[in-house]
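Undergrad: Here you go, my_file-v4.txt (compact mmCIF, C-alpha atoms):
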# COMPACT_ATOMS: atom_id res chain seq x y z
CA MET W 1 0.00 0.00 0.00
CA SER W 2 1.27 3.48 -0.85
CA MET W 3 0.17 6.80 0.59
CA LEU W 4 -1.24 9.32 -1.87
CA PRO W 5 0.82 12.48 -2.47
CA SER W 6 -1.92 14.63 -0.92
CA GLU W 7 -1.51 12.81 2.40
CA ALA W 8 2.28 13.03 2.21
CA SER W 9 2.05 16.78 1.64
CA LEU W 10 -0.18 17.05 4.71
CA LEU W 11 2.47 15.31 6.81
CA ALA W 12 5.21 17.55 5.37
CA ALA W 13 3.19 20.67 6.14
CA GLY W 14 2.88 19.42 9.72
CA ARG W 15 6.50 20.43 10.30
CA ARG W 16 5.31 24.05 10.21
CA SER W 17 1.84 23.61 11.70
CA PRO W 18 1.07 21.43 14.77
CA ILE W 19 -2.59 21.35 13.70
CA LEU W 20 -1.74 19.64 10.41
CA LYS W 21 0.61 17.19 12.14
CA LYS W 22 -2.08 16.13 14.60
CA LEU W 23 -4.61 15.85 11.78
CA TRP W 24 -2.31 13.45 9.91
CA HIS W 25 -1.74 11.31 13.01
CA SER W 26 -5.47 11.30 13.71
CA LYS W 27 -6.24 10.02 10.21
CA ARG W 28 -3.48 7.42 10.54
CA ALA W 29 -4.87 6.17 13.86
CA GLU W 30 -8.32 5.87 12.32
CA ARG W 31 -6.89 4.16 9.21
CA GLY W 32 -8.30 7.03 7.20
CA LEU W 33 -5.23 7.94 5.13
CA LEU W 34 -5.84 7.75 1.39
CA SER W 35 -3.66 5.11 -0.23
CA TYR W 36 -3.48 2.89 -3.29
CA GLU W 37 -2.30 -0.59 -4.13
CA ARG W 38 -1.38 -2.01 -7.52
CA VAL W 39 -2.85 -5.47 -7.93
CA GLY W 40 -2.75 -5.85 -11.71
CA TRP W 41 -3.31 -4.22 -15.06
CA MET W 42 -5.77 -4.67 -17.89
CA ASP W 43 -5.94 -3.23 -21.38
CA GLU W 44 -8.70 -0.73 -22.02
CA GLU W 45 -9.80 1.33 -24.95
CA GLN W 46 -7.97 4.62 -25.29
CA SER W 47 -9.71 7.39 -23.37
CA ASN W 48 -11.05 10.50 -25.05
CA VAL W 49 -8.46 13.22 -24.37
CA LEU W 50 -9.87 16.74 -24.51
CA ASP W 51 -7.86 19.69 -25.78
CA ARG W 52 -9.31 21.96 -23.09
CA LEU W 53 -10.09 21.85 -19.38
CA GLU W 54 -13.66 20.75 -18.78
CA ILE W 55 -15.38 21.31 -15.44
CA ARG W 56 -18.39 19.11 -14.83
CA PRO W 57 -21.08 19.74 -12.19
CA SER W 58 -20.70 17.92 -8.88
CA GLY W 59 -24.24 16.54 -8.82
CA LEU W 60 -26.13 17.01 -5.58
CA GLN W 61 -23.09 18.16 -3.62
CA GLY W 62 -23.66 21.84 -2.96
CA PRO W 63 -21.56 24.37 -1.05
CA LEU W 64 -20.62 23.90 2.59
CA ILE W 65 -21.12 26.35 5.46
CA LEU W 66 -18.71 25.61 8.34
CA CYS W 67 -19.41 27.14 11.75
CA LEU W 68 -16.40 26.90 14.07
CA ASP W 69 -16.69 27.43 17.82
CA THR W 70 -13.69 29.41 19.16
CA SER W 71 -15.09 30.23 22.61
CA ALA W 72 -13.15 29.94 25.86
CA SER W 73 -14.43 26.40 26.54
CA MET W 74 -12.78 25.30 23.29
CA SER W 75 -9.31 26.61 24.13
CA GLY W 76 -6.45 24.13 24.11
CA VAL W 77 -6.65 20.70 22.54
CA ARG W 78 -10.34 20.94 21.66
CA GLU W 79 -9.75 24.01 19.51
CA LYS W 80 -6.73 22.46 17.81
CA VAL W 81 -8.75 19.36 16.93
CA ALA W 82 -11.72 21.45 15.76
CA LYS W 83 -9.57 23.58 13.48
CA ALA W 84 -7.79 20.51 12.09
CA LEU W 85 -11.17 18.94 11.31
CA VAL W 86 -12.40 22.12 9.63
CA LEU W 87 -9.22 22.23 7.59
CA GLU W 88 -9.79 18.66 6.47
CA CYS W 89 -13.39 19.50 5.53
CA VAL W 90 -12.13 22.36 3.36
CA ARG W 91 -9.59 20.07 1.69
CA GLY W 92 -12.31 17.53 0.98
CA ALA W 93 -14.63 20.20 -0.40
CA LYS W 94 -11.87 21.45 -2.68
CA ARG W 95 -11.41 17.95 -4.11
CA GLN W 96 -15.16 17.86 -4.81
CA GLN W 97 -15.11 21.39 -6.23
CA ARG W 98 -17.49 22.65 -3.56
CA GLN W 99 -17.41 26.19 -2.24
CA CYS W 100 -16.95 26.80 1.49
CA TYR W 101 -18.04 29.58 3.79
CA LEU W 102 -16.38 29.69 7.21
CA ILE W 103 -17.94 31.34 10.25
CA ALA W 104 -15.84 31.45 13.43
CA PHE W 105 -17.90 32.42 16.46
CA SER W 106 -17.83 32.88 20.22
CA GLY W 107 -20.00 35.30 22.22
CA ARG W 108 -22.67 37.63 20.87
CA GLU W 109 -21.38 39.70 17.94
CA GLU W 110 -18.03 37.87 18.06
CA VAL W 111 -18.04 36.50 14.52
CA ARG W 112 -15.49 36.28 11.72
CA GLU W 113 -16.29 35.10 8.19
CA LEU W 114 -14.29 33.84 5.23
CA GLU W 115 -15.62 32.78 1.84
CA LEU W 116 -13.56 30.26 -0.12
CA SER W 117 -14.11 29.41 -3.77
CA SER W 118 -13.56 25.91 -5.14
CA ASP W 119 -10.33 26.86 -6.94
CA SER W 120 -6.82 26.90 -5.49
CA GLY W 121 -4.94 29.75 -3.88
CA HIS W 122 -6.86 30.10 -0.64
CA MET W 123 -4.55 28.25 1.75
CA GLU W 124 -2.81 31.35 3.13
CA PRO W 125 -6.01 33.27 4.07
CA LEU W 126 -7.49 30.01 5.39
CA LEU W 127 -4.57 29.34 7.75
CA GLU W 128 -4.61 32.98 8.86
CA PHE W 129 -8.34 32.66 9.56
CA LEU W 130 -7.86 29.46 11.59
CA ALA W 131 -5.08 31.06 13.63
CA GLY W 132 -7.54 33.46 15.28
CA SER W 133 -9.76 32.85 18.32
CA PHE W 134 -12.22 34.87 20.39
CA GLU W 135 -12.07 32.89 23.68
CA GLY W 136 -15.23 34.55 24.97
CA GLY W 137 -18.65 33.14 25.76
CA THR W 138 -20.69 30.97 23.39
CA ASP W 139 -23.61 32.24 21.32
CA LEU W 140 -24.78 30.11 18.41
CA ASN W 141 -27.55 32.48 17.37
CA GLU W 142 -25.38 34.80 15.24
CA PRO W 143 -23.67 32.08 13.15
CA ILE W 144 -27.04 30.36 12.60
CA LYS W 145 -28.56 33.69 11.58
CA ARG W 146 -25.80 34.31 9.06
CA SER W 147 -26.08 30.75 7.77
CA ILE W 148 -29.80 31.29 7.19
CA GLU W 149 -29.06 34.51 5.28
CA LEU W 150 -26.76 32.53 2.98
CA LEU W 151 -29.29 29.69 2.58
CA LYS W 152 -31.92 32.24 1.53
CA GLY W 153 -29.54 34.15 -0.73
CA GLU W 154 -30.74 35.68 -3.98
CA GLY W 155 -28.97 36.98 -7.04
CA GLU W 156 -25.22 36.51 -6.76
CA ARG W 157 -25.70 34.71 -3.45
CA SER W 158 -28.25 32.21 -4.76
CA GLU W 159 -25.54 29.56 -5.15
CA TRP W 160 -25.60 29.11 -1.36
CA ARG W 161 -29.25 28.03 -1.36
CA ASN W 162 -28.07 24.47 -1.98
CA ALA W 163 -25.55 24.48 0.89
CA ASP W 164 -25.34 22.24 3.93
CA VAL W 165 -24.23 23.39 7.38
CA LEU W 166 -21.64 21.81 9.70
CA ILE W 167 -21.20 23.14 13.25
CA VAL W 168 -17.95 22.17 14.99
CA THR W 169 -18.17 22.71 18.75
CA ASP W 170 -17.84 21.12 22.18
CA SER W 171 -21.67 21.37 22.35
CA GLU W 172 -21.58 23.63 25.41
CA VAL W 173 -24.04 26.10 23.88
CA PRO W 174 -27.15 27.87 25.20
CA PRO W 175 -30.56 27.24 23.60
CA LEU W 176 -31.13 28.67 20.14
CA GLU W 177 -33.62 31.54 19.83
CA ARG W 178 -37.09 30.18 19.04
CA ASP W 179 -37.52 32.10 15.77
CA LEU W 180 -34.13 31.01 14.46
CA LYS W 181 -34.77 27.41 15.48
CA LYS W 182 -38.05 27.35 13.55
CA GLU W 183 -36.47 29.08 10.55
CA ILE W 184 -33.65 26.55 10.23
CA GLU W 185 -36.07 23.66 10.77
CA ASP W 186 -38.30 24.97 7.97
CA LEU W 187 -35.31 25.16 5.62
CA CYS W 188 -34.44 21.55 6.43
CA VAL W 189 -37.99 20.36 5.69
CA GLU W 190 -38.84 22.56 2.71
CA GLU W 191 -35.45 22.98 0.99
CA GLY W 192 -33.68 19.78 2.03
CA VAL W 193 -30.94 21.61 3.94
CA GLU W 194 -28.90 19.38 6.24
CA VAL W 195 -27.45 20.73 9.49
CA HIS W 196 -24.73 18.51 10.97
CA GLY W 197 -22.96 18.79 14.30
CA LEU W 198 -19.42 17.64 15.04
CA ILE W 199 -18.60 17.48 18.75
CA VAL W 200 -15.05 17.68 20.14
CA GLY W 201 -15.18 17.09 23.87
CA PRO W 202 -16.83 14.78 26.41
CA ARG W 203 -20.26 16.43 26.68
CA ARG W 204 -23.41 15.91 24.57
CA THR W 205 -25.80 18.70 25.58
CA PRO W 206 -29.57 18.63 24.82
CA ASN W 207 -29.43 22.20 23.46
CA PHE W 208 -27.07 21.18 20.68
CA LYS W 209 -28.89 17.93 19.92
CA GLU W 210 -32.07 19.91 19.34
CA ILE W 211 -30.34 21.87 16.60
CA VAL W 212 -28.74 19.02 14.64
CA GLY W 213 -31.08 16.13 15.50
CA THR W 214 -29.69 12.79 14.33
CA ASN W 215 -26.94 14.43 12.24
CA LEU W 216 -24.61 14.30 15.21
CA HIS W 217 -20.99 13.21 14.86
CA VAL W 218 -18.45 12.85 17.66
CA PHE W 219 -14.67 13.01 17.57
CA ASP W 220 -13.53 10.58 20.24
CA ASP W 221 -10.19 9.27 19.02
CA TRP W 222 -7.91 11.04 21.47
CA ARG W 223 -5.17 8.42 21.10
CA VAL W 224 -3.27 10.82 18.84
CA PHE W 225 -2.66 13.10 21.82
CA ASN W 226 -0.69 12.63 24.99
CA GLU W 227 -2.54 11.06 27.88
CA ASN W 228 -2.05 14.18 29.98
CA ASP W 229 -3.69 16.44 27.39
CA ASP W 230 -6.74 18.11 28.91
CA TYR W 231 -9.66 18.05 26.50
What is this structure when it is put down as structure tokens?
TA:
Amino acid sequence: MSMLPSEASLLAAGRRSPILKKLWHSKRAERGLLSYERVGWMDEEQSNVLDRLEIRPSGLQGPLILCLDTSASMSGVREKVAKALVLECVRGAKRQQRQCYLIAFSGREEVRELELSSDSGHMEPLLEFLAGSFEGGTDLNEPIKRSIELLKGEGERSEWRNADVLIVTDSEVPPLERDLKKEIEDLCVEEGVEVHGLIVGPRRTPNFKEIVGTNLHVFDDWRVFNENDDY
């Protein structure tokens, strides 16, 4: 078995970024590294080689809205894991030619946003974005509100109407405002929007489960960290 170049480059980049290094070790521990194995060859008809670059639609895979919790309860290992997971989501979206919109949040009005197209050249602003943190309280209302604005976009923003939402947090969040909760639920039912939650940390709070329902994912492979790491 051989590791794909994309995974090797991730490991090499880990020399400069601890987040990338821990992401690589996490994928290795979960046997999630992309690899290939040559088991034989067969003759096939010659493929049709185009004389121009052709971009084909990605089917039902729409854009991705990523909401990243950078509150005080996320500081330390949790935040490093969350940012590594978000980075991996962006890398996966790029391979699928999906656009990404990042929303980092903490307390009320503590929000930063970054829009990424599906083409290359966004790694530097992405890493700069992930380097920041608020370390305040936790308010999920503002990122949900901004996600809804994107999902209802018109004109030049209409491309985000087909997006899905992923919230990366330790789930220690207060209840969502009633109007926002109903609005996001209506979008899920009427427009087929999916809201997923990715938890980093030991708690599974009812407030967060009410928002994401059964689309709840948990990062629990802490073997890639030292035993004395406090998460």
Undergrad: Could you give me, as a ChimeraX atom specification, the residues within 10 Å of W:Glu194, counting all atoms listed in the file and dropping anything in the same chain fewer than 6 positions from it?
TA: /W:162-166,184-185,187-188,212,215
Undergrad: Next, dump the selected residues to file, keeping only C-alpha atoms, as a PDB file, in the frame of the given file.
TA:
ATOM      1  CA  ASN W 162     -28.070  24.470  -1.980  1.00  0.00           C
ATOM      2  CA  ALA W 163     -25.550  24.480   0.890  1.00  0.00           C
ATOM      3  CA  ASP W 164     -25.340  22.240   3.930  1.00  0.00           C
ATOM      4  CA  VAL W 165     -24.230  23.390   7.380  1.00  0.00           C
ATOM      5  CA  LEU W 166     -21.640  21.810   9.700  1.00  0.00           C
ATOM      6  CA  ILE W 184     -33.650  26.550  10.230  1.00  0.00           C
ATOM      7  CA  GLU W 185     -36.070  23.660  10.770  1.00  0.00           C
ATOM      8  CA  LEU W 187     -35.310  25.160   5.620  1.00  0.00           C
ATOM      9  CA  CYS W 188     -34.440  21.550   6.430  1.00  0.00           C
ATOM     10  CA  VAL W 212     -28.740  19.020  14.640  1.00  0.00           C
ATOM     11  CA  ASN W 215     -26.940  14.430  12.240  1.00  0.00           C
TER      12      ASN W 215
END
Undergrad: Within 9 Å of stretch 65-74 of chain W, which residues of stretch 95-192 of chain W show up? Give each one with its shortest atom-to-atom distance in Å (one decimal) and the two atoms involved, counting all atoms listed in the file, rows by chain then rising residue number, as JSON lines.
TA:
{"residue": "W:Gln99", "atom": "CA", "partner": "W:Ile65", "partner_atom": "CA", "distance": 8.5}
{"residue": "W:Cys100", "atom": "CA", "partner": "W:Ile65", "partner_atom": "CA", "distance": 5.8}
{"residue": "W:Tyr101", "atom": "CA", "partner": "W:Ile65", "partner_atom": "CA", "distance": 4.8}
{"residue": "W:Leu102", "atom": "CA", "partner": "W:Leu66", "partner_atom": "CA", "distance": 4.8}
{"residue": "W:Ile103", "atom": "CA", "partner": "W:Cys67", "partner_atom": "CA", "distance": 4.7}
{"residue": "W:Ala104", "atom": "CA", "partner": "W:Leu68", "partner_atom": "CA", "distance": 4.6}
{"residue": "W:Phe105", "atom": "CA", "partner": "W:Asp69", "partner_atom": "CA", "distance": 5.3}
{"residue": "W:Ser106", "atom": "CA", "partner": "W:Ser71", "partner_atom": "CA", "distance": 4.5}
{"residue": "W:Gly107", "atom": "CA", "partner": "W:Ser71", "partner_atom": "CA", "distance": 7.1}
{"residue": "W:Gly132", "atom": "CA", "partner": "W:Thr70", "partner_atom": "CA", "distance": 8.3}
{"residue": "W:Ser133", "atom": "CA", "partner": "W:Thr70", "partner_atom": "CA", "distance": 5.3}
{"residue": "W:Phe134", "atom": "CA", "partner": "W:Thr70", "partner_atom": "CA", "distance": 5.8}
{"residue": "W:Glu135", "atom": "CA", "partner": "W:Ala72", "partner_atom": "CA", "distance": 3.8}
{"residue": "W:Gly136", "atom": "CA", "partner": "W:Ser71", "partner_atom": "CA", "distance": 4.9}
{"residue": "W:Gly137", "atom": "CA", "partner": "W:Ser71", "partner_atom": "CA", "distance": 5.6}
{"residue": "W:Thr138", "atom": "CA", "partner": "W:Ser71", "partner_atom": "CA", "distance": 5.7}
{"residue": "W:Asp139", "atom": "CA", "partner": "W:Ser71", "partner_atom": "CA", "distance": 8.8}
{"residue": "W:Leu140", "atom": "CA", "partner": "W:Asp69", "partner_atom": "CA", "distance": 8.5}
{"residue": "W:Pro143", "atom": "CA", "partner": "W:Cys67", "partner_atom": "CA", "distance": 6.7}
{"residue": "W:Ile144", "atom": "CA", "partner": "W:Cys67", "partner_atom": "CA", "distance": 8.3}
{"residue": "W:Ser147", "atom": "CA", "partner": "W:Ile65", "partner_atom": "CA", "distance": 7.0}
{"residue": "W:Leu150", "atom": "CA", "partner": "W:Ile65", "partner_atom": "CA", "distance": 8.7}
{"residue": "W:Trp160", "atom": "CA", "partner": "W:Ile65", "partner_atom": "CA", "distance": 8.6}
{"residue": "W:Ala163", "atom": "CA", "partner": "W:Ile65", "partner_atom": "CA", "distance": 6.6}
{"residue": "W:Asp164", "atom": "CA", "partner": "W:Ile65", "partner_atom": "CA", "distance": 6.1}
{"residue": "W:Val165", "atom": "CA", "partner": "W:Ile65", "partner_atom": "CA", "distance": 4.7}
{"residue": "W:Leu166", "atom": "CA", "partner": "W:Leu66", "partner_atom": "CA", "distance": 5.0}
{"residue": "W:Ile167", "atom": "CA", "partner": "W:Cys67", "partner_atom": "CA", "distance": 4.6}
{"residue": "W:Val168", "atom": "CA", "partner": "W:Leu68", "partner_atom": "CA", "distance": 5.1}
{"residue": "W:Thr169", "atom": "CA", "partner": "W:Asp69", "partner_atom": "CA", "distance": 5.0}
{"residue": "W:Asp170", "atom": "CA", "partner": "W:Met74", "partner_atom": "CA", "distance": 6.7}
{"residue": "W:Glu172", "atom": "CA", "partner": "W:Ser73", "partner_atom": "CA", "distance": 7.8}
Undergrad: Go ahead and compute the interatomic distance for atom CA of W:Glu142 and atom CA of W:Glu109, in Å to one decimal.
TA: 6.9 Å
Undergrad: So how far away is atom CA of W:Val218 from atom CA of W:Pro206, in Å?
TA: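 Interatomic distance here is 14.4 Å.
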Undergrad: Measure the distance from atom CA of W:Asn141 to atom CA of W:Leu180 in Å and round it to one decimal.
TA: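 Spanning atom CA of W:Asn141 to atom CA of W:Leu180 is a straight-line distance of 7.3 Å.
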Undergrad: Enclose the full set of atoms of stretch 88-98 of chain W listed in the file within a box whose edges lie along x, y and z, apply 8 Å of padding to each of the six sides, and report centre and edge lengths in Å to one decimal as JSON.
TA:
{"center_x": -13.5, "center_y": 20.1, "center_z": 0.1, "size_x": 23.9, "size_y": 21.1, "size_z": 28.7}
Undergrad: Can you pull out every residue within 10 Å of W:Leu116, counting all atoms listed in the file, but drop anything in the same chain fewer than 5 positions away, and send it as a PyMOL selection string?
TA: chain W and resi 63-64+90+94+98-102+121-123+125-126
Undergrad: Considering only C-alpha atoms, return as a PDB file with C-alpha atoms, in the frame of the given file whatever protein or nucleic-acid residues lie within 9 Å of W:Gly213, sequence-local ones (same chain, fewer than 4 positions apart) excluded.
TA:
ATOM      1  CA  VAL W 195     -27.450  20.730   9.490  1.00  0.00           C
ATOM      2  CA  HIS W 196     -24.730  18.510  10.970  1.00  0.00           C
ATOM      3  CA  GLY W 197     -22.960  18.790  14.300  1.00  0.00           C
ATOM      4  CA  PHE W 208     -27.070  21.180  20.680  1.00  0.00           C
ATOM      5  CA  LYS W 209     -28.890  17.930  19.920  1.00  0.00           C
TER       6      LYS W 209
END
Undergrad: Pick out the closest residue to W:Asn207 from this set: W:Ala131, W:Leu176, W:Val193, W:Cys89. Count only C-alpha atoms.
TA: W:Leu176
Undergrad: Counting only C-alpha atoms, figure out which residue out of W:Phe219, W:Glu124, W:Pro175, W:Lys182 gets nearest to W:Leu198.
TA: W:Phe219
Undergrad: With all atoms listed in the file as the atoms that count, which of W:Gln61, W:Leu151, W:Val173, W:Asp179 lies nearest to W:Gly92?
TA: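 Answer, going by the shortest atom-to-atom distance: W:Gln61.
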Undergrad: With the input short on atoms, add all heavy atoms back to stretch 108-119 of chain W and write it as a short mmCIF file (atom, residue, chain, number, x, y, z; two decimals), keeping the file's coordinate frame.
TA:
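Output (result00.cif):
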data_model
loop_
_atom_site.label_atom_id
_atom_site.label_comp_id
_atom_site.auth_asym_id
_atom_site.auth_seq_id
_atom_site.Cartn_x
_atom_site.Cartn_y
_atom_site.Cartn_z
N ARG W 108 -21.81 36.81 21.73
CA ARG W 108 -22.67 37.63 20.87
C ARG W 108 -21.85 38.68 20.13
O ARG W 108 -21.03 39.38 20.73
CB ARG W 108 -23.76 38.29 21.71
CG ARG W 108 -24.80 39.04 20.90
CD ARG W 108 -25.91 39.53 21.80
NE ARG W 108 -26.67 38.42 22.36
CZ ARG W 108 -27.69 37.82 21.74
NH1 ARG W 108 -28.06 38.23 20.54
NH2 ARG W 108 -28.32 36.82 22.33
N GLU W 109 -22.06 38.76 18.84
CA GLU W 109 -21.38 39.70 17.94
C GLU W 109 -19.90 39.41 17.76
O GLU W 109 -19.18 40.20 17.15
CB GLU W 109 -21.58 41.15 18.40
CG GLU W 109 -23.04 41.59 18.41
CD GLU W 109 -23.21 43.04 18.80
OE1 GLU W 109 -22.18 43.69 19.09
OE2 GLU W 109 -24.35 43.53 18.82
N GLU W 110 -19.42 38.28 18.29
CA GLU W 110 -18.03 37.87 18.06
C GLU W 110 -18.03 36.84 16.93
O GLU W 110 -18.11 35.63 17.15
CB GLU W 110 -17.42 37.29 19.33
CG GLU W 110 -17.20 38.32 20.43
CD GLU W 110 -16.57 37.72 21.67
OE1 GLU W 110 -16.94 36.59 22.04
OE2 GLU W 110 -15.72 38.38 22.28
N VAL W 111 -17.93 37.34 15.71
CA VAL W 111 -18.04 36.50 14.52
C VAL W 111 -17.03 36.96 13.47
O VAL W 111 -16.86 38.16 13.25
CB VAL W 111 -19.47 36.55 13.93
CG1 VAL W 111 -19.53 35.74 12.64
CG2 VAL W 111 -20.49 36.03 14.92
N ARG W 112 -16.36 36.01 12.86
CA ARG W 112 -15.49 36.28 11.72
C ARG W 112 -15.92 35.37 10.58
O ARG W 112 -16.30 34.22 10.81
CB ARG W 112 -14.01 36.03 12.07
CG ARG W 112 -13.45 36.99 13.10
CD ARG W 112 -12.04 36.60 13.48
NE ARG W 112 -11.13 36.69 12.35
CZ ARG W 112 -10.31 35.71 11.97
NH1 ARG W 112 -10.32 34.55 12.62
NH2 ARG W 112 -9.50 35.86 10.96
N GLU W 113 -15.82 35.87 9.34
CA GLU W 113 -16.29 35.10 8.19
C GLU W 113 -15.23 35.08 7.10
O GLU W 113 -14.45 36.01 6.95
CB GLU W 113 -17.58 35.70 7.65
CG GLU W 113 -18.71 35.71 8.67
CD GLU W 113 -19.92 36.50 8.18
OE1 GLU W 113 -20.66 35.97 7.34
OE2 GLU W 113 -20.10 37.64 8.66
N LEU W 114 -15.22 33.98 6.36
CA LEU W 114 -14.29 33.84 5.23
C LEU W 114 -14.95 32.98 4.16
O LEU W 114 -15.38 31.86 4.43
CB LEU W 114 -12.98 33.18 5.69
CG LEU W 114 -11.95 32.90 4.59
CD1 LEU W 114 -11.41 34.21 4.01
CD2 LEU W 114 -10.80 32.05 5.12
N GLU W 115 -15.04 33.52 2.97
CA GLU W 115 -15.62 32.78 1.84
C GLU W 115 -14.49 32.22 0.98
O GLU W 115 -13.57 32.94 0.59
CB GLU W 115 -16.52 33.69 1.00
CG GLU W 115 -17.19 32.97 -0.15
CD GLU W 115 -18.20 33.85 -0.88
OE1 GLU W 115 -18.47 34.98 -0.40
OE2 GLU W 115 -18.70 33.42 -1.94
N LEU W 116 -14.58 30.93 0.68
CA LEU W 116 -13.56 30.26 -0.12
C LEU W 116 -14.20 29.69 -1.38
O LEU W 116 -15.21 28.99 -1.30
CB LEU W 116 -12.90 29.12 0.67
CG LEU W 116 -12.19 29.51 1.97
CD1 LEU W 116 -11.73 28.26 2.70
CD2 LEU W 116 -10.98 30.40 1.66
N SER W 117 -13.62 29.99 -2.52
CA SER W 117 -14.11 29.41 -3.77
C SER W 117 -13.56 28.00 -3.91
O SER W 117 -12.75 27.54 -3.10
CB SER W 117 -13.69 30.27 -4.95
OG SER W 117 -12.28 30.32 -5.05
N SER W 118 -13.98 27.30 -4.95
CA SER W 118 -13.56 25.91 -5.14
C SER W 118 -12.20 25.81 -5.82
O SER W 118 -11.65 24.71 -5.93
CB SER W 118 -14.60 25.16 -5.99
OG SER W 118 -14.79 25.80 -7.24
N ASP W 119 -11.62 26.94 -6.28
CA ASP W 119 -10.33 26.86 -6.94
C ASP W 119 -9.20 26.95 -5.92
O ASP W 119 -9.42 27.06 -4.71
CB ASP W 119 -10.20 27.97 -8.00
CG ASP W 119 -10.40 29.35 -7.41
OD1 ASP W 119 -10.41 29.47 -6.18
OD2 ASP W 119 -10.57 30.31 -8.18
#
